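Data block for input.txt (compact mmCIF, C-alpha atoms):
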```
# COMPACT_ATOMS: atom_id res chain seq x y z
CA MET M 1 120.72 65.01 75.09
CA GLY M 2 119.76 66.11 71.57
CA GLU M 3 116.47 67.99 71.31
CA GLU M 4 115.51 70.51 73.97
CA LYS M 5 113.81 69.01 77.03
CA ASN M 6 111.94 70.49 79.96
CA ILE M 7 113.87 69.50 83.08
CA PHE M 8 112.46 70.69 86.40
CA VAL M 9 114.90 70.99 89.31
CA VAL M 10 113.78 70.96 92.93
CA GLY M 11 116.00 73.42 94.81
CA LEU M 12 117.96 74.77 91.84
CA ASP M 13 120.65 77.24 92.92
CA ASP M 14 122.72 79.66 90.84
CA PHE M 15 126.04 77.99 91.63
CA ASN M 16 125.03 74.54 90.39
CA LEU M 17 123.16 76.02 87.43
CA GLY M 18 126.44 77.65 86.44
CA LEU M 19 128.32 74.36 86.81
CA MET M 20 125.87 72.50 84.58
CA GLN M 21 125.64 75.36 82.05
CA ARG M 22 122.10 74.42 81.05
CA LEU M 23 118.73 76.12 81.16
CA PHE M 24 116.44 74.38 83.63
CA HIS M 25 113.06 75.14 85.10
CA GLU M 26 113.15 75.92 88.80
CA LEU M 27 110.37 74.05 90.59
CA ILE M 28 110.84 74.87 94.28
CA ASP M 29 113.00 77.81 95.30
CA CYS M 30 116.28 76.85 96.95
CA SER M 31 115.51 79.21 99.85
CA GLU M 32 112.42 77.18 100.73
CA ILE M 33 113.67 73.61 100.42
CA VAL M 34 117.41 73.87 101.10
CA HIS M 35 118.37 77.08 102.93
CA ALA M 36 115.28 77.12 105.13
CA GLU M 37 114.61 77.16 108.85
CA GLN M 38 111.52 74.99 108.43
CA TYR M 39 110.34 72.55 105.75
CA PRO M 40 106.57 72.86 105.11
CA VAL M 41 106.61 69.85 102.78
CA GLU M 42 102.84 69.53 102.43
CA ARG M 43 102.61 73.09 101.08
CA LEU M 44 105.73 72.75 98.96
CA LEU M 45 104.37 69.59 97.35
CA ARG M 46 101.00 71.18 96.66
CA GLU M 47 102.54 74.28 95.09
CA ALA M 48 104.96 72.21 93.01
CA ILE M 49 102.12 70.06 91.64
CA GLU M 50 100.11 73.17 90.80
CA ALA M 51 103.10 74.71 88.99
CA LEU M 52 103.64 71.56 86.95
CA GLN M 53 99.96 71.22 86.10
CA SER M 54 99.90 74.79 84.80
CA PHE M 55 103.08 74.38 82.72
CA ASP M 56 102.39 74.78 79.01
CA GLY M 57 104.54 72.01 77.61
CA ALA M 58 105.82 68.51 78.19
CA ILE M 59 107.32 67.56 81.56
CA ASP M 60 110.30 65.40 80.67
CA ALA M 61 111.98 64.98 84.06
CA ILE M 62 111.94 66.17 87.65
CA VAL M 63 115.33 66.02 89.35
CA GLY M 64 117.17 67.22 92.44
CA TYR M 65 120.61 66.83 94.03
CA TRP M 66 119.86 67.81 97.64
CA ASP M 67 119.20 65.62 100.65
CA PHE M 68 115.99 65.79 102.68
CA PRO M 69 113.37 66.92 101.92
CA THR M 70 114.24 67.04 98.20
CA SER M 71 115.20 63.36 98.00
CA THR M 72 111.88 62.22 99.48
CA ILE M 73 109.67 64.73 97.66
CA LEU M 74 110.92 63.64 94.24
CA PRO M 75 109.23 60.18 94.28
CA LEU M 76 105.89 61.78 95.12
CA LEU M 77 106.16 64.35 92.31
CA ARG M 78 107.29 61.80 89.72
CA ARG M 79 104.49 59.43 90.70
CA GLN M 80 101.96 62.22 90.26
CA PHE M 81 103.10 62.85 86.67
CA GLY M 82 103.94 59.29 85.61
CA LEU M 83 107.67 59.89 85.27
CA PRO M 84 110.44 57.30 85.75
CA GLY M 85 111.89 57.14 89.24
CA PRO M 86 112.16 55.03 92.37
CA SER M 87 109.18 54.32 94.61
CA LEU M 88 108.90 56.24 97.86
CA GLU M 89 109.26 52.99 99.81
CA SER M 90 112.53 52.07 98.06
CA VAL M 91 113.91 55.54 98.79
CA LEU M 92 112.94 55.29 102.45
CA LYS M 93 114.57 51.85 102.71
CA CYS M 94 117.82 53.68 102.01
CA GLU M 95 117.29 57.05 103.71
CA HIS M 96 115.43 56.13 106.93
CA LYS M 97 118.56 55.22 108.87
CA TYR M 98 116.91 52.54 111.01
CA TRP M 99 115.02 50.93 108.11
CA SER M 100 118.18 51.04 106.03
CA ARG M 101 120.19 49.25 108.72
CA LEU M 102 117.48 46.58 108.96
CA GLU M 103 117.72 45.97 105.21
CA GLN M 104 121.52 45.94 105.34
CA ARG M 105 121.51 43.43 108.20
CA ASN M 106 119.23 41.16 106.19
CA VAL M 107 121.31 41.28 103.01
CA VAL M 108 124.93 42.11 103.89
CA PRO M 109 125.22 41.48 107.67
CA GLU M 110 129.01 41.20 107.58
CA TYR M 111 129.24 44.87 106.50
CA THR M 112 126.62 46.21 108.93
CA PRO M 113 127.50 47.54 112.42
CA LYS M 114 125.47 46.86 115.55
CA PHE M 115 122.64 49.36 115.95
CA ILE M 116 119.50 50.07 117.93
CA ALA M 117 116.57 52.49 117.66
CA VAL M 118 116.45 55.07 120.45
CA ASN M 119 113.51 57.22 121.53
CA PRO M 120 115.19 60.36 122.92
CA PHE M 121 111.96 61.34 124.72
CA ALA M 122 111.67 58.05 126.63
CA GLU M 123 112.83 57.94 130.23
CA PRO M 124 115.44 56.74 130.82
CA ALA M 125 116.56 56.49 127.19
CA ALA M 126 120.05 55.40 128.22
CA ASP M 127 118.77 52.12 129.66
CA ARG M 128 117.54 51.07 126.21
CA ILE M 129 120.92 51.38 124.47
CA ASP M 130 122.62 47.99 124.49
CA LEU M 131 125.92 49.21 123.04
CA ALA M 132 129.30 49.72 124.63
CA TYR M 133 130.79 53.22 124.70
CA PRO M 134 131.78 54.93 122.51
CA PHE M 135 129.02 54.93 119.88
CA TRP M 136 127.34 57.37 117.50
CA LEU M 137 123.89 58.79 118.14
CA LYS M 138 121.97 60.49 115.29
CA PRO M 139 118.37 61.01 114.15
CA VAL M 140 116.84 58.40 111.85
CA LYS M 141 116.58 61.23 109.32
CA SER M 142 118.97 64.15 109.13
CA HIS M 143 121.63 65.46 106.77
CA SER M 144 125.05 67.14 106.89
CA SER M 145 125.69 65.20 110.14
CA HIS M 146 123.22 67.51 111.90
CA LEU M 147 122.56 66.29 115.48
CA GLY M 148 125.14 63.55 115.09
CA PHE M 149 127.09 62.99 118.33
CA LYS M 150 129.98 60.77 119.31
CA VAL M 151 128.95 59.47 122.73
CA ARG M 152 131.90 58.44 124.91
CA ASN M 153 130.20 58.12 128.30
CA ALA M 154 126.94 58.64 130.20
CA ARG M 155 127.52 62.39 130.49
CA ASP M 156 127.97 62.73 126.71
CA LEU M 157 124.78 60.72 126.23
CA GLN M 158 122.69 62.94 128.47
CA GLN M 159 124.00 66.08 126.76
CA ALA M 160 123.38 64.62 123.29
CA LEU M 161 119.85 63.57 124.20
CA ALA M 162 119.06 67.01 125.61
CA VAL M 163 120.24 68.80 122.44
CA THR M 164 118.43 66.26 120.27
CA ARG M 165 115.12 66.69 122.11
CA GLU M 166 115.39 70.44 121.66
CA ASN M 167 116.11 70.37 117.92
CA ILE M 168 114.94 67.12 116.33
CA SER M 169 111.43 68.32 115.42
CA ARG M 170 112.75 70.61 112.67
CA ILE M 171 113.30 67.62 110.39
CA ALA M 172 111.21 65.03 112.25
CA GLU M 173 107.88 66.76 111.62
CA PRO M 174 108.20 67.06 107.82
CA PHE M 175 109.76 63.60 107.66
CA ASN M 176 106.75 62.16 109.47
CA TYR M 177 104.51 63.72 106.82
CA ILE M 178 106.55 61.88 104.15
CA LEU M 179 106.39 58.62 106.13
CA ALA M 180 102.60 58.90 106.23
CA GLN M 181 102.54 58.69 102.40
CA ALA M 182 104.35 55.32 102.38
CA ARG M 183 103.52 51.69 103.13
CA LEU M 184 105.75 50.80 106.07
CA PRO M 185 106.36 47.48 107.83
CA ALA M 186 105.23 47.52 111.46
CA GLU M 187 108.81 47.46 112.77
CA VAL M 188 109.61 50.64 110.84
CA ALA M 189 106.28 52.40 111.39
CA ALA M 190 106.99 52.33 115.13
CA VAL M 191 110.23 54.30 114.60
CA ASP M 192 109.22 57.70 113.23
CA GLY M 193 111.23 60.87 112.65
CA ASN M 194 111.40 61.66 116.36
CA PHE M 195 113.63 58.62 116.92
CA CYS M 196 117.39 58.29 116.78
CA ILE M 197 119.65 55.41 115.94
CA ALA M 198 122.65 54.45 118.04
CA GLU M 199 125.35 52.39 116.35
CA GLU M 200 128.82 51.13 117.04
CA ILE M 201 131.83 53.10 115.83
CA ILE M 202 133.01 51.97 112.39
CA SER M 203 135.07 55.01 111.39
CA SER M 204 138.57 53.67 111.97
CA GLY M 205 140.46 53.79 108.71
CA ARG M 206 139.55 55.57 105.48
CA GLN M 207 136.23 56.60 103.96
CA CYS M 208 135.01 56.74 100.38
CA THR M 209 131.82 57.39 98.45
CA VAL M 210 130.88 55.11 95.57
CA GLU M 211 128.80 56.81 92.85
CA GLY M 212 126.40 54.92 90.62
CA TYR M 213 122.95 54.69 89.15
CA VAL M 214 120.26 52.10 88.54
CA CYS M 215 118.27 52.24 85.30
CA GLN M 216 115.61 49.73 84.29
CA GLY M 217 116.87 47.40 87.02
CA GLU M 218 120.53 47.51 85.97
CA VAL M 219 122.90 48.71 88.71
CA VAL M 220 125.96 50.58 87.38
CA VAL M 221 128.90 51.81 89.48
CA TYR M 222 130.93 54.43 87.60
CA GLY M 223 133.26 56.10 90.11
CA THR M 224 134.65 56.20 93.62
CA VAL M 225 135.53 59.38 95.50
CA ASP M 226 137.80 59.41 98.56
CA SER M 227 136.06 61.19 101.46
CA VAL M 228 138.78 62.71 103.64
CA ARG M 229 137.71 63.69 107.16
CA GLU M 230 139.10 66.03 109.80
CA GLY M 231 138.21 67.42 113.23
CA THR M 232 138.36 66.11 116.80
CA HIS M 233 136.21 63.05 116.07
CA ARG M 234 137.05 62.87 112.35
CA SER M 235 133.36 63.63 111.84
CA CYS M 236 133.79 66.55 109.41
CA PHE M 237 134.51 66.27 105.69
CA ALA M 238 137.71 68.05 104.63
CA ARG M 239 137.49 67.14 100.94
CA TYR M 240 136.12 64.75 98.33
CA GLN M 241 138.90 63.64 95.99
CA TYR M 242 138.65 61.79 92.68
CA PRO M 243 139.77 59.28 91.59
CA SER M 244 140.00 57.04 94.63
CA ARG M 245 143.39 55.75 95.69
CA TRP M 246 141.97 52.59 97.28
CA PRO M 247 143.12 49.14 96.07
CA ALA M 248 141.19 47.74 93.10
CA ARG M 249 140.22 44.60 95.06
CA VAL M 250 138.49 46.74 97.72
CA LEU M 251 136.68 48.76 95.06
CA GLN M 252 135.45 45.48 93.57
CA ARG M 253 134.15 44.26 96.94
CA MET M 254 132.22 47.47 97.41
CA SER M 255 130.68 47.16 93.95
CA GLU M 256 129.51 43.63 94.75
CA VAL M 257 127.94 44.77 98.03
CA ILE M 258 126.19 47.65 96.27
CA ARG M 259 124.71 45.53 93.50
CA LYS M 260 123.33 43.05 96.01
CA LEU M 261 121.90 45.71 98.32
CA ILE M 262 120.47 48.08 95.71
CA GLY M 263 118.76 45.17 93.98
CA HIS M 264 117.21 44.12 97.28
CA THR M 265 115.76 47.55 98.05
CA GLY M 266 113.93 47.77 94.72
CA LEU M 267 115.52 51.14 93.99
CA ASP M 268 115.28 51.91 90.28
CA ASN M 269 115.74 54.75 87.77
CA THR M 270 117.83 56.96 90.04
CA PRO M 271 121.42 57.87 90.75
CA PHE M 272 122.77 56.92 94.17
CA ASN M 273 125.90 57.00 96.27
CA VAL M 274 127.03 54.64 99.00
CA GLU M 275 129.56 55.49 101.70
CA PHE M 276 132.01 52.96 103.14
CA PHE M 277 134.80 52.80 105.72
CA TRP M 278 137.80 50.54 105.14
CA ASN M 279 140.52 49.67 107.65
CA ALA M 280 143.67 48.82 105.69
CA GLY M 281 145.25 47.09 108.70
CA THR M 282 142.43 44.62 109.26
CA ASP M 283 140.97 44.74 105.73
CA ARG M 284 137.58 45.28 107.38
CA LEU M 285 134.95 46.99 105.24
CA TRP M 286 131.88 48.69 106.74
CA LEU M 287 128.85 50.22 105.03
CA LEU M 288 128.00 53.66 106.39
CA GLU M 289 124.93 54.82 104.44
CA ILE M 290 123.06 54.91 101.12
CA ASN M 291 121.90 58.15 99.49
CA THR M 292 119.29 57.98 96.72
CA ARG M 293 120.54 60.99 94.80
CA ILE M 294 123.48 62.28 92.85
CA SER M 295 125.84 64.36 94.93
CA LYS M 296 125.68 68.02 93.89
CA SER M 297 129.49 67.86 94.04
CA HIS M 298 129.99 65.23 91.37
CA CYS M 299 128.20 64.39 88.12
CA PRO M 300 124.85 66.20 87.67
CA LEU M 301 124.21 65.18 84.06
CA VAL M 302 123.84 61.55 85.15
CA MET M 303 120.72 62.38 87.15
CA ILE M 304 119.05 64.00 84.13
CA GLU M 305 119.40 61.02 81.82
CA VAL M 306 118.38 58.48 84.48
CA ALA M 307 115.35 60.61 85.41
CA ARG M 308 114.26 60.23 81.77
CA GLY M 309 114.63 56.44 81.98
CA LYS M 310 117.80 56.42 79.85
CA ASN M 311 121.26 55.01 80.47
CA PRO M 312 123.73 57.92 80.70
CA HIS M 313 126.65 58.22 78.33
CA PHE M 314 129.48 60.45 79.49
CA ALA M 315 133.20 60.82 78.96
CA GLN M 316 135.45 59.25 81.58
CA ARG M 317 139.03 60.28 82.36
CA GLN M 318 138.95 62.91 79.56
CA GLY M 319 139.05 66.05 81.68
CA ARG M 320 141.72 68.72 81.95
CA PHE M 321 143.19 67.28 85.16
CA ARG M 322 144.19 63.80 86.32
CA CYS M 323 142.64 64.34 89.77
CA ALA M 324 140.25 66.81 91.34
CA ALA M 325 138.66 67.60 94.68
CA LYS M 326 135.96 69.50 96.42
CA PHE M 327 137.41 71.11 99.58
CA MET M 328 135.04 72.00 102.43
CA VAL M 329 136.56 75.00 104.24
CA ARG M 330 135.70 74.88 107.94
CA ALA M 331 136.10 76.63 111.26
CA PHE M 332 135.85 74.69 114.49
CA GLU M 333 134.79 77.55 116.77
CA ASP M 334 132.02 80.11 116.42
CA ALA M 335 133.08 83.59 115.28
CA ALA M 336 131.77 86.70 113.57
CA VAL M 337 132.52 87.04 109.86
CA ALA M 338 134.56 90.24 109.57
CA GLY M 339 135.30 90.00 105.86
CA VAL M 340 134.83 87.81 102.78
CA PRO M 341 136.53 87.78 99.36
CA SER M 342 135.08 90.23 96.85
CA PRO M 343 133.73 89.06 93.47
CA ARG M 344 136.78 90.61 91.79
CA GLU M 345 139.12 88.76 94.15
CA LEU M 346 137.35 85.47 93.37
CA ARG M 347 137.52 86.13 89.64
CA LEU M 348 141.27 86.88 89.78
CA LEU M 349 141.89 83.77 91.87
CA GLU M 350 139.99 81.57 89.41
CA GLU M 351 142.10 83.08 86.60
CA ARG M 352 145.27 82.32 88.57
CA PHE M 353 144.17 78.70 89.11
CA PRO M 354 142.32 77.64 85.92
CA GLY M 355 139.44 75.26 86.52
CA THR M 356 138.98 76.43 90.11
CA ARG M 357 135.57 77.44 91.44
CA VAL M 358 135.01 79.03 94.86
CA GLN M 359 131.63 79.16 96.58
CA VAL M 360 131.38 81.51 99.57
CA LEU M 361 128.76 80.35 102.09
CA VAL M 362 128.87 83.27 104.55
CA GLU M 363 128.27 87.00 104.51
CA GLU M 364 130.11 89.77 106.30
CA GLY M 365 128.50 90.59 109.66
CA MET M 366 126.93 87.19 110.34
CA ARG M 367 128.11 84.67 112.90
CA LEU M 368 129.15 81.18 111.86
CA SER M 369 126.56 79.73 114.24
CA GLN M 370 123.86 81.26 112.01
CA LEU M 371 124.74 78.81 109.23
CA LEU M 372 122.10 76.15 108.63
CA HIS M 373 122.63 72.38 108.31
CA GLN M 374 125.96 72.23 110.14
CA ASP M 375 127.35 69.20 111.92
CA SER M 376 127.82 69.18 115.69
CA TYR M 377 131.50 70.09 115.66
CA SER M 378 132.27 72.58 112.87
CA TYR M 379 131.07 75.36 110.55
CA GLU M 380 131.52 75.09 106.77
CA TYR M 381 131.98 78.62 105.41
CA ALA M 382 133.27 78.04 101.86
CA VAL M 383 133.74 75.39 99.18
CA VAL M 384 136.65 75.17 96.73
CA PHE M 385 136.65 72.99 93.60
CA MET M 386 140.13 72.38 92.15
CA GLY M 387 141.97 70.08 89.75
CA ALA M 388 145.63 69.10 89.38
CA ASP M 389 147.92 66.51 87.83
CA ASN M 390 148.47 64.61 91.09
CA SER M 391 147.47 64.64 94.75
CA ARG M 392 150.55 66.49 95.96
CA GLN M 393 150.07 69.28 93.43
CA LEU M 394 146.38 69.43 94.30
CA LEU M 395 147.06 70.05 98.00
CA GLU M 396 149.75 72.63 97.21
CA LYS M 397 147.35 74.53 94.93
CA TYR M 398 144.68 74.43 97.62
CA ARG M 399 147.05 75.84 100.27
CA SER M 400 148.03 78.66 97.90
CA CYS M 401 144.39 79.33 97.16
CA MET M 402 143.48 79.59 100.85
CA GLU M 403 146.39 81.95 101.51
CA ALA M 404 145.02 84.21 98.79
CA LEU M 405 141.42 84.25 100.02
CA SER M 406 140.71 87.13 102.39
CA PHE M 407 138.30 85.55 104.87
CA ARG M 408 138.49 87.37 108.20
CA PHE M 409 136.88 86.42 111.51
CA ALA M 410 136.54 88.06 114.91
CA GLY M 411 135.53 86.61 118.23
```

Output the structure of this file as structure tokens.
Amino acid sequence: MGEEKNIFVVGLDDFNLGLMQRLFHELIDCSEIVHAEQYPVERLLREAIEALQSFDGAIDAIVGYWDFPTSTILPLLRRQFGLPGPSLESVLKCEHKYWSRLEQRNVVPEYTPKFIAVNPFAEPAADRIDLAYPFWLKPVKSHSSHLGFKVRNARDLQQALAVTRENISRIAEPFNYILAQARLPAEVAAVDGNFCIAEEIISSGRQCTVEGYVCQGEVVVYGTVDSVREGTHRSCFARYQYPSRWPARVLQRMSEVIRKLIGHTGLDNTPFNVEFFWNAGTDRLWLLEINTRISKSHCPLVMIEVARGKNPHFAQRQGRFRCAAKFMVRAFEDAAVAGVPSPRELRLLEERFPGTRVQVLVEEGMRLSQLLHQDSYSYEYAVVFMGADNSRQLLEKYRSCMEALSFRFAG
């Protein structure tokens, strides 16, 4: 990047700061906007603006790699300080699940599943869902698959609606504040953060995440990561693995869909990622969702250059390993954490497996159910980043790593 710049990060955490090995300015503490029970976005925005206004120096970029509310706060902050970035409306066209599906149906209908908006507080909500079982039910705004349910029958639906009504306000209320700052079409304005979306199952086959950015109107796709799932409903991520092992012709189709759709939304000067499902047997390709941010797991330097209105330049296929993965270590039942690896143990393990980084997400004495932002079927208690020369070696190294890590749980 040349000369020193002042880059402000919303929700900067120590782990990702270490990965990027740069000195950034923290704008909103991670404990308030990521690892938080509630999201007081109005206050967070006000305090962030005050901090930037009092900064003695140039403000070159404001970035973030987290989902809501970071992804929707960034357009408001950049607009306030005249910095490059996407409009709030273009971000919401991607991240409001119902609005996004409307846009997808208009532009790429052959890749868009059937869907319908659902008010979980309406009685009877079930009568308004014109989809055959099974289907997925999830809030129009959430993250980490929180409050996402696979609904197989009427009993599942009633249980999912009950849990949703009890918990949806945690994200719905701050999301509604964000929606109030945007110009919304009437069809979208009627579907606020307290709504859900029901959609047909598209998850047969394999999943991947396509990474890219748009800068000054030019859409660039630079990598595809295989998203490997596990669990009873295959709803939980087991690992992200790069590079993708999908056929080149399928990767090309996805790139064509992305360029058409991103151009339609008006999204500009931002990284993004788009998730797809592909069934090799039928060659059917489905679009799952669009995220208007870089994944914190992948390529953080891209977001910095794009946030400055510049096309990124970075080395490709020049790393130490031929493939790499982020493994999400999960438990599928609640338990008490009886022990975690010590810092010395982690340091020795990373020396044994060069290039490996381990992030522990739990503390001794807590219960897994105390973790925030979990999906409906599992608990993610650690993350392992590893590289290898091929996929087989990668999985073998990961198994050896897990055998060496002294996580202990008790009922």

Excluding Phe135 of chain M and residues on its chain fewer than 5 positions from it, collect all residues at most 6 Å away from it, counting all atoms listed in the file, and give them as a PDB file with C-alpha atoms, in the frame of the given file.
```pdb
ATOM      1  CA  LYS M 150     129.980  60.770 119.310  1.00  0.00           C
ATOM      2  CA  VAL M 151     128.950  59.470 122.730  1.00  0.00           C
ATOM      3  CA  GLU M 199     125.350  52.390 116.350  1.00  0.00           C
ATOM      4  CA  GLU M 200     128.820  51.130 117.040  1.00  0.00           C
ATOM      5  CA  ILE M 201     131.830  53.100 115.830  1.00  0.00           C
TER       6      ILE M 201
END
```

Which residue is closest to Lys310 of chain M? Choose from M:Val214, M:Ile262, M:Leu131, M:Val107 and count all atoms listed in the file.
M:Val214

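Checking M:Ala186, M:Ala198, M:Leu102, M:Val302 one by one against Ala132 of chain M, counting only C-alpha atoms, you find the shortest gap at M:Ala198.
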
List every protein, DNA or RNA residue that has at least one atom no more than 12 Å from (128.8, 49.4, 113.6) in the file's coordinates, counting all atoms listed in the file, and write the result as a count of residues only.
34

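Using all atoms listed in the file, the shortest contact distance between Thr356 of chain M and any of M:Phe321, M:Tyr379, M:Phe332, M:Phe55 is found at M:Phe321.
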
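When atom CA of Arg183 of chain M is paired with atom CA of His373 of chain M, their separation reads 28.6 Å.
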
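Candidate residues M:Trp66, M:Phe237, M:Tyr39, M:Phe121 were compared for distance to Leu12 of chain M, and the nearest is M:Trp66, using only C-alpha atoms.
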
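The coordinates place atom CA of Glu230 of chain M at 20.8 Å from atom CA of Ala160 of chain M.
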
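Between atom CA of Asp156 of chain M and atom CA of Pro124 of chain M the separation is 14.5 Å.
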
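Using all atoms listed in the file, the smallest distance between any of M:Leu267, M:Ala190, M:Leu74, M:Met328 and Lys93 of chain M comes from M:Leu267.
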
Using all atoms listed in the file, can you list as a PDB file with C-alpha atoms, in the frame of the given file the residues within 10 Å of (140.1, 44.8, 98.9)?
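The resulting file, out30.pdb, is shown below:
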```
ATOM      1  CA  TRP M 246     141.970  52.590  97.280  1.00  0.00           C
ATOM      2  CA  PRO M 247     143.120  49.140  96.070  1.00  0.00           C
ATOM      3  CA  ALA M 248     141.190  47.740  93.100  1.00  0.00           C
ATOM      4  CA  ARG M 249     140.220  44.600  95.060  1.00  0.00           C
ATOM      5  CA  VAL M 250     138.490  46.740  97.720  1.00  0.00           C
ATOM      6  CA  LEU M 251     136.680  48.760  95.060  1.00  0.00           C
ATOM      7  CA  GLN M 252     135.450  45.480  93.570  1.00  0.00           C
ATOM      8  CA  ARG M 253     134.150  44.260  96.940  1.00  0.00           C
ATOM      9  CA  MET M 254     132.220  47.470  97.410  1.00  0.00           C
ATOM     10  CA  TRP M 278     137.800  50.540 105.140  1.00  0.00           C
ATOM     11  CA  ALA M 280     143.670  48.820 105.690  1.00  0.00           C
ATOM     12  CA  ASP M 283     140.970  44.740 105.730  1.00  0.00           C
ATOM     13  CA  ARG M 284     137.580  45.280 107.380  1.00  0.00           C
ATOM     14  CA  LEU M 285     134.950  46.990 105.240  1.00  0.00           C
TER      15      LEU M 285
END
```

For Leu394 of chain M, list every protein, DNA or RNA residue within 8 Å, evaluated using all atoms listed in the file, and leave out those in the same chain fewer than 4 positions away; present the list as a PyMOL selection string.
chain M and resi 323-325+386-390+398

Quick one: residues within 10 Å of Trp99 of chain M, only C-alpha atoms counted, chain neighbours fewer than 3 positions away excluded, as a count of residues only?
17

Which polymer residues have any atom within 6 Å of an atom of Gly11 of chain M, counting only C-alpha atoms, with same-chain residues fewer than 2 positions away left out, as a ChimeraX atom specification?
/M:28-30

Atoms added to segment 216-231 of chain M (N, CA and C atoms), reported as an mmCIF file, in the coordinates of the input:
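Once written, selection08.cif looks like this:
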```cif
data_model
loop_
_atom_site.group_PDB
_atom_site.id
_atom_site.type_symbol
_atom_site.label_atom_id
_atom_site.label_comp_id
_atom_site.auth_asym_id
_atom_site.auth_seq_id
_atom_site.Cartn_x
_atom_site.Cartn_y
_atom_site.Cartn_z
ATOM 1 N N GLN M 216 116.326 50.918 84.767
ATOM 2 C CA GLN M 216 115.610 49.730 84.290
ATOM 3 C C GLN M 216 116.136 48.455 84.938
ATOM 4 N N GLY M 217 116.441 48.556 86.249
ATOM 5 C CA GLY M 217 116.870 47.400 87.020
ATOM 6 C C GLY M 217 118.349 47.089 86.951
ATOM 7 N N GLU M 218 119.088 47.766 86.091
ATOM 8 C CA GLU M 218 120.530 47.510 85.970
ATOM 9 C C GLU M 218 121.303 48.468 86.872
ATOM 10 N N VAL M 219 122.109 47.909 87.770
ATOM 11 C CA VAL M 219 122.900 48.710 88.710
ATOM 12 C C VAL M 219 124.286 48.943 88.098
ATOM 13 N N VAL M 220 124.669 50.213 87.987
ATOM 14 C CA VAL M 220 125.960 50.580 87.380
ATOM 15 C C VAL M 220 126.747 51.422 88.379
ATOM 16 N N VAL M 221 127.969 51.023 88.668
ATOM 17 C CA VAL M 221 128.900 51.810 89.480
ATOM 18 C C VAL M 221 129.912 52.443 88.531
ATOM 19 N N TYR M 222 130.055 53.774 88.575
ATOM 20 C CA TYR M 222 130.930 54.430 87.600
ATOM 21 C C TYR M 222 132.066 55.227 88.215
ATOM 22 N N GLY M 223 132.152 55.335 89.538
ATOM 23 C CA GLY M 223 133.260 56.100 90.110
ATOM 24 C C GLY M 223 133.297 56.033 91.620
ATOM 25 N N THR M 224 134.473 56.201 92.173
ATOM 26 C CA THR M 224 134.650 56.200 93.620
ATOM 27 C C THR M 224 135.449 57.427 94.029
ATOM 28 N N VAL M 225 134.942 58.134 95.020
ATOM 29 C CA VAL M 225 135.530 59.380 95.500
ATOM 30 C C VAL M 225 136.031 59.166 96.923
ATOM 31 N N ASP M 226 137.289 59.487 97.191
ATOM 32 C CA ASP M 226 137.800 59.410 98.560
ATOM 33 C C ASP M 226 137.207 60.545 99.390
ATOM 34 N N SER M 227 136.673 60.204 100.559
ATOM 35 C CA SER M 227 136.060 61.190 101.460
ATOM 36 C C SER M 227 137.010 61.376 102.642
ATOM 37 N N VAL M 228 137.750 62.461 102.627
ATOM 38 C CA VAL M 228 138.780 62.710 103.640
ATOM 39 C C VAL M 228 138.181 63.527 104.768
ATOM 40 N N ARG M 229 138.322 63.048 105.997
ATOM 41 C CA ARG M 229 137.710 63.690 107.160
ATOM 42 C C ARG M 229 138.750 64.394 108.019
ATOM 43 N N GLU M 230 138.247 65.311 108.863
ATOM 44 C CA GLU M 230 139.100 66.030 109.800
ATOM 45 C C GLU M 230 138.284 66.336 111.055
ATOM 46 N N GLY M 231 138.905 67.038 112.014
ATOM 47 C CA GLY M 231 138.210 67.420 113.230
ATOM 48 C C GLY M 231 138.497 66.475 114.387
#
```
